[in-house]
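K.L.:
Here you go, one structure.
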Amino acid sequence: MFLIYCPYCEEHREEEEFHAKGQAHIARPADPEACSDEQWGDYLFFRDNPRGIHHELWVHAVGCRKFFNITRNTVSYEILETYRMGEQPRFTAEYPEGKPAEAAAARAEEVERQEGVKA
């Protein structure tokens, strides 16, 4: 058993309280009516399955019941970070050690500007 940090409850909880819901950051087509059947099928059914850093959507099913994202290494099963919906990951395939602090601060300012709240 391992513990997962819920960014909304702000505490580590047992893994049994959470459920994985698939790949994170999948953009819905802007105009679904204009999509071909192939494009719509790709959106609905095809997901990335990388070896290494991967972003996943999870839900705290037994706790706050909110959805959040996890950055996980699929090779080692290590959870690198958890973050709220609407936020961007610090760890990516381009930045496996994490984005530089100034880039993270700029990202937080951008989120604050867009949402009008302190990130």
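Order determines the names: the first chain of the structure tokens is A, the second B, and so forth; residues in each chain are numbered 1 upward, and ligands are numbered 1 upward as they are shown.
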Quick one: residues within 10 Å of Thr74 in chain A, only C-alpha atoms, excluding same-chain residues fewer than 3 positions away - as a list of chain:residue names?
P.N.:
A:Asn49, A:Pro50, A:Arg51, A:Gly52, A:Ile53, A:His54, A:His55, A:Thr71, A:Tyr77, A:Glu78, A:Ile79
K.L.:
Could you save those same residues with C-alpha atoms as a compact mmCIF listing (two decimals), in the first residue's frame?
P.N.:
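File written: again01.txt
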# COMPACT_ATOMS: atom_id res chain seq x y z
CA ASN A 49 0.83 4.97 -23.23
CA PRO A 50 4.36 6.32 -22.77
CA ARG A 51 7.25 4.70 -21.01
CA GLY A 52 8.33 7.29 -18.44
CA ILE A 53 6.58 10.45 -17.31
CA HIS A 54 2.81 10.39 -17.82
CA HIS A 55 0.00 12.70 -16.66
CA THR A 71 2.36 13.06 -12.80
CA TYR A 77 5.51 3.77 -10.55
CA GLU A 78 6.81 6.82 -8.65
CA ILE A 79 4.31 9.67 -8.23
K.L.:
Write out as a PyMOL selection string which residues come within 10 Å of range 90-92 of chain A when counting only C-alpha atoms, dropping same-chain ones fewer than 4 positions away.
P.N.:
chain A and resi 52-55+71-73+80-83+96-101+103-104+107
K.L.:
So that I can check the secondary structure, give me every residue of range 2-89 of chain A assigned alpha helix (DSSP H) by backbone DSSP, as a ChimeraX atom specification.
P.N.:
/A:37-45
K.L.:
Please run DSSP on the backbone and report, as a count of residues only, all residues within chain A that come out as strand (DSSP E or B).
P.N.:
33
K.L.:
Measuring between only C-alpha atoms, which one of A:Gly86, A:Trp58, A:Met1, A:Pro29 shows the shortest distance to Gly41 in chain A?
P.N.:
A:Pro29
K.L.:
Between A:Glu87, A:Ile70, A:Gly63, A:Glu33, which one has atoms that come closest to Glu16 in chain A, using only C-alpha atoms?
P.N.:
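Of all the options, A:Gly63 lies closest to Glu16 in chain A.
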K.L.:
Between A:Cys9, A:Leu3, A:Ala24, A:Cys64, which is the closest to Pro89 in chain A once you count only C-alpha atoms?
P.N.:
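Looking only at the distances to Pro89 in chain A, the closest residue turns out to be A:Ala24.
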K.L.:
For each of A:Ala34, A:Gln88, A:Val75, A:His19, take the minimum atom-to-atom distance to Cys6 in chain A, counting only C-alpha atoms, then give the residue where this is smallest.
P.N.:
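Looking only at the distances to Cys6 in chain A, the closest residue turns out to be A:His19.
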K.L.:
Using only C-alpha atoms, which residues sit within 10 Å of Phe2 in chain A once same-chain residues fewer than 6 positions away are excluded, as a PDB file with N, CA, C and O atoms, in the first residue's frame?
P.N.:
ATOM      1  N   HIS A  12      -1.971  13.331   2.804  1.00  0.00           N
ATOM      2  CA  HIS A  12      -1.713  12.027   2.206  1.00  0.00           C
ATOM      3  C   HIS A  12      -2.762  11.050   2.705  1.00  0.00           C
ATOM      4  O   HIS A  12      -3.050  10.999   3.903  1.00  0.00           O
ATOM      5  N   ARG A  13      -3.339  10.278   1.774  1.00  0.00           N
ATOM      6  CA  ARG A  13      -4.354   9.295   2.126  1.00  0.00           C
ATOM      7  C   ARG A  13      -4.000   7.971   1.461  1.00  0.00           C
ATOM      8  O   ARG A  13      -3.245   7.914   0.489  1.00  0.00           O
ATOM      9  N   GLU A  14      -4.582   6.886   1.940  1.00  0.00           N
ATOM     10  CA  GLU A  14      -4.300   5.566   1.409  1.00  0.00           C
ATOM     11  C   GLU A  14      -4.806   5.433  -0.028  1.00  0.00           C
ATOM     12  O   GLU A  14      -5.829   6.002  -0.392  1.00  0.00           O
ATOM     13  N   GLU A  15      -4.078   4.644  -0.807  1.00  0.00           N
ATOM     14  CA  GLU A  15      -4.388   4.500  -2.228  1.00  0.00           C
ATOM     15  C   GLU A  15      -5.793   3.978  -2.500  1.00  0.00           C
ATOM     16  O   GLU A  15      -6.371   4.253  -3.545  1.00  0.00           O
ATOM     17  N   GLU A  16      -6.373   3.221  -1.563  1.00  0.00           N
ATOM     18  CA  GLU A  16      -7.710   2.658  -1.767  1.00  0.00           C
ATOM     19  C   GLU A  16      -8.785   3.733  -1.877  1.00  0.00           C
ATOM     20  O   GLU A  16      -9.880   3.466  -2.348  1.00  0.00           O
TER      21      GLU A  16
END
K.L.:
Nearest to Ala61 in chain A among A:Phe18, A:Tyr5, A:His25, A:Glu10, with distances taken over only C-alpha atoms: which residue is it?
P.N.:
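The shortest atom-to-atom distance to Ala61 in chain A comes from A:Phe18.
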K.L.:
So, with only C-alpha atoms as the atoms that count, which of A:Pro7, A:Ala27, A:Glu17, A:Ser36 lies closest to Val62 in chain A?
P.N.:
A:Glu17
K.L.:
Can you tell me, as a short mmCIF file (atom, residue, chain, number, x, y, z; two decimals) with N, CA, C and O atoms, in the first residue's frame, what residues are no more than 6 Å from Phe68 in chain A when counting only C-alpha atoms, ignoring any on the same chain fewer than 3 positions away?
P.N.:
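Now in out_33.cif:
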data_model
loop_
_atom_site.label_atom_id
_atom_site.label_comp_id
_atom_site.auth_asym_id
_atom_site.auth_seq_id
_atom_site.Cartn_x
_atom_site.Cartn_y
_atom_site.Cartn_z
N LEU A 57 -5.42 11.48 -14.84
CA LEU A 57 -6.56 12.04 -14.14
C LEU A 57 -6.99 11.05 -13.06
O LEU A 57 -7.17 9.86 -13.34
N TRP A 58 -7.14 11.53 -11.82
CA TRP A 58 -7.56 10.69 -10.70
C TRP A 58 -8.71 11.37 -9.97
O TRP A 58 -8.93 12.57 -10.11
N ARG A 84 -3.95 20.35 -8.88
CA ARG A 84 -5.38 20.58 -9.09
C ARG A 84 -5.73 20.72 -10.57
O ARG A 84 -4.87 21.01 -11.40
N MET A 85 -6.99 20.53 -10.87
CA MET A 85 -7.49 20.72 -12.22
C MET A 85 -7.24 22.17 -12.63
O MET A 85 -7.38 23.08 -11.81
#
K.L.:
Rounded to one decimal, what separation in Å do you get between CA of Arg65 in chain A and CA of Leu44 in chain A?
P.N.:
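Rounded to one decimal, the two atoms are 23.5 Å apart.
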